[in-house]
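Asks: So that we are looking at the same thing, I have put the structure below in structure tokens.
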Amino acid sequence: MKKILKYTLPALMAFMVQGAFAQTHQLEKLWETDTVVRIPESVLPDFKKKILYVSEIEGNPSAVDGKGGVAKIGLDGKIIDLNFTTGLNSPKGLGRVEDQLCAADLSEVVVIDIKTGKVINKIPVDSAKMLNDITVDSKGIVYVSDSKTKKIHRIEKGQVTTFLTNVNGVNGLKAINDDLYILGGPKFMKADSKGNLTQITTLSCGGDGLEPVGNGDFLITCGSGHIFYVTADGKIETLLDSEAQKMNTADLGYDTVNHILYVPTFFGKKVAAYKLITR
């Protein structure tokens with residue numbers, strides 16, 4: 001979800017340090033949709049079916065208004081169905097457990113039949129105010145962040161527990177093996193299975209989405225319109241700065257085989273695709 005954060009001293013220092021490393025990656029734009037996607041926040045690819053599932057907020061990002069949903073877009077950018085799932089409130093992060101989609105929808109995780117788009121279950125998260133990103137580990141355990149309460153919750157077999165608390169600005173999550181990678185404001189961190197945190201690096205803005213490149217490195221977005229390449233040891237390259245154009249870059253999807261990023265632009269109401277090029 002888009003956030004506006006003031007730079008802290010560590011963030012400013014990180015921004016200055018970025019220029020000290022040689023730029024070895026860049027983006028080539030492949031396509032973008034028209035402005036028809038209703039406030040897209042998250043993209044979840046299904047490469048076998050050549051489909052992008054895209055959460056659509058539609059109305060106020062904090063409103064319980066029933067205007068939100070999930071769209072289907074082709075890997076080529078062609079619109080398949082903007083109303084695949086309807087009747088949600090403000091869906092943000094998307095995850096998948098077998099043949100079910102999971103959508104973070106303010107105070108509950110909505111479970112959707114991936115074949116029909118129909119809602120089949122809703123899992124309320126006690127005291128949740130702004131559920132944001134979702135990730136699913138290899139065991140089918142769901143992790144979901146709550147940006148307003150600063151918590152990360154864990155859902156296993158429909159049962160909700162709290163995994164971490166007091167994570168300032170918590171947003172993007174990615175489960176890899178036994179670790180959970182976390183974006184908390186400008187901080188990029190890793191938590192082990194017991195919740196012990198290790199900071200990897202500090203961004204120049206509040207992190208939104210993150211996807212592993214496949215070699216220990218990550219692609220990270222900020223809602224301010226930035227896309228970064230972050231190495232395993234915390235070095236940062238700026239791949240895109242579209243802040244002046246007000247193109248908010250939200251929770252991206254990534255194709256590790258073809259090296260393509262799929263980026264929702266939030267209030268820009270588009271989804272864009274970029275090729276990651278290594279020089």
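In the structure tokens, each chain is lettered A, B, ... as it comes, each chain's residues begin at 1, and ligands are numbered from 1 in order of appearance.
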For segment 173-182 of chain A, work out the shell of residues within 8 Å, counting only C-alpha atoms and skipping chain neighbours fewer than 3 positions away, then give it as a count of residues only.
Replies: 19
Asks: Got a sec: who's within 12 Å of Val36 of chain A, counting only C-alpha atoms, leaving out chain neighbours fewer than 4 positions off, as a list in words?
Replies: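 Listing them by chain and then by number gives Glu32, Pro40, Glu56, Glu58, Ala71, Ile73, Gly77, Lys78, Ile79, Ile80, Asp81, Leu82, Asn83, Pro264, Thr265, Phe266, Phe267, Gly268, Lys269, Lys270 and Val271 of chain A.
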Asks: Could you take the residues named above and write them with C-alpha atoms, as an mmCIF file, in the first residue's frame?
Replies:
```cif
data_model
loop_
_atom_site.group_PDB
_atom_site.id
_atom_site.type_symbol
_atom_site.label_atom_id
_atom_site.label_comp_id
_atom_site.auth_asym_id
_atom_site.auth_seq_id
_atom_site.Cartn_x
_atom_site.Cartn_y
_atom_site.Cartn_z
ATOM 1 C CA GLU A 32 1.626 -1.266 -19.507
ATOM 2 C CA PRO A 40 -4.146 -2.128 -8.244
ATOM 3 C CA GLU A 56 -8.149 -3.940 -6.897
ATOM 4 C CA GLU A 58 -11.311 0.574 -6.191
ATOM 5 C CA ALA A 71 -8.756 -8.880 -11.624
ATOM 6 C CA ILE A 73 -4.660 -9.902 -16.671
ATOM 7 C CA GLY A 77 -0.851 -7.107 -20.492
ATOM 8 C CA LYS A 78 -4.202 -7.902 -22.083
ATOM 9 C CA ILE A 79 -7.190 -7.567 -19.774
ATOM 10 C CA ILE A 80 -8.948 -10.900 -19.164
ATOM 11 C CA ASP A 81 -11.459 -10.072 -16.429
ATOM 12 C CA LEU A 82 -11.537 -6.962 -14.240
ATOM 13 C CA ASN A 83 -14.328 -8.501 -12.136
ATOM 14 C CA PRO A 264 0.950 -2.395 -10.015
ATOM 15 C CA THR A 265 0.884 1.410 -9.956
ATOM 16 C CA PHE A 266 -1.803 1.965 -7.299
ATOM 17 C CA PHE A 267 -3.390 5.385 -7.991
ATOM 18 C CA GLY A 268 -1.869 5.221 -11.489
ATOM 19 C CA LYS A 269 -4.517 2.517 -12.179
ATOM 20 C CA LYS A 270 -2.177 0.520 -14.435
ATOM 21 C CA VAL A 271 -0.064 -2.611 -14.319
#
```
Asks: Counting only C-alpha atoms, figure out which residue out of A:Leu197, A:Leu183, A:Leu27, A:Val43 gets nearest to Phe163 of chain A.
Replies: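 Going through A:Leu197, A:Leu183, A:Leu27, A:Val43 one by one, the smallest distance to Phe163 of chain A is for A:Leu197.
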Asks: Kindly give the distance, in Å, that separates atom CA of Thr33 of chain A and atom CA of Asp113 of chain A, rounded to a single decimal.
Replies: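 Interatomic distance here is 25.4 Å.
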Asks: If I take atom CA of Ile227 of chain A and atom CA of Asp208 of chain A, how far is one from the other in Å, to one decimal?
Replies: 9.8 Å
Asks: Please identify all polymer residues within 8 Å of segment 101-111 of chain A, counting only C-alpha atoms, omitting same-chain residues fewer than 2 positions from it, and present them as a PyMOL selection string.
Replies: chain A and resi 55+62+88-97+99+113-114+119-134+144
Asks: Which residue is closest to Lys29 of chain A? Choose from A:Leu203, A:Ile57, A:Val257, A:Leu239 and count only C-alpha atoms.
Replies: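 Nearest candidate to Lys29 of chain A out of A:Leu203, A:Ile57, A:Val257, A:Leu239: A:Leu239.
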Asks: Suppose you want the space between atom CA of Asp76 of chain A and atom CA of Ala273 of chain A; what is it in Å?
Replies: 8.6 Å
Asks: Check the smallest atom-to-atom distance from each of A:Ile220, A:Thr149, A:Val213, A:Asp233 to Thr198 of chain A using only C-alpha atoms, then report the winner.
Replies: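 Comparing A:Ile220, A:Thr149, A:Val213, A:Asp233 against Thr198 of chain A, the winner is A:Asp233.
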Asks: Which is closer to Trp31 of chain A than all the others in A:Asn248, A:Ile200, A:Cys222, A:Leu75, using only C-alpha atoms?
Replies: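 Using only C-alpha atoms, Trp31 of chain A sits closest to A:Leu75.
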Asks: Given the choices A:Ala232, A:Leu44, A:Leu240, A:Leu219, which gets closest to Thr201 of chain A if the distance is worked out from only C-alpha atoms?
Replies: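 Between A:Ala232, A:Leu44, A:Leu240, A:Leu219, the residue approaching Thr201 of chain A most closely is A:Ala232.
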Asks: Which of these residues is nearest to Val263 of chain A, using only C-alpha atoms: A:Ala250, A:Cys205, A:Val37, A:Val167?
Replies: A:Ala250
Asks: Please identify the strand (DSSP E) residues within segment 178-235 of chain A (assignment by DSSP from backbone atoms) and present them as an NGL selection string.
Replies: :A and (179-184 or 187-191 or 197-202 or 207-212 or 218-222 or 226-230)
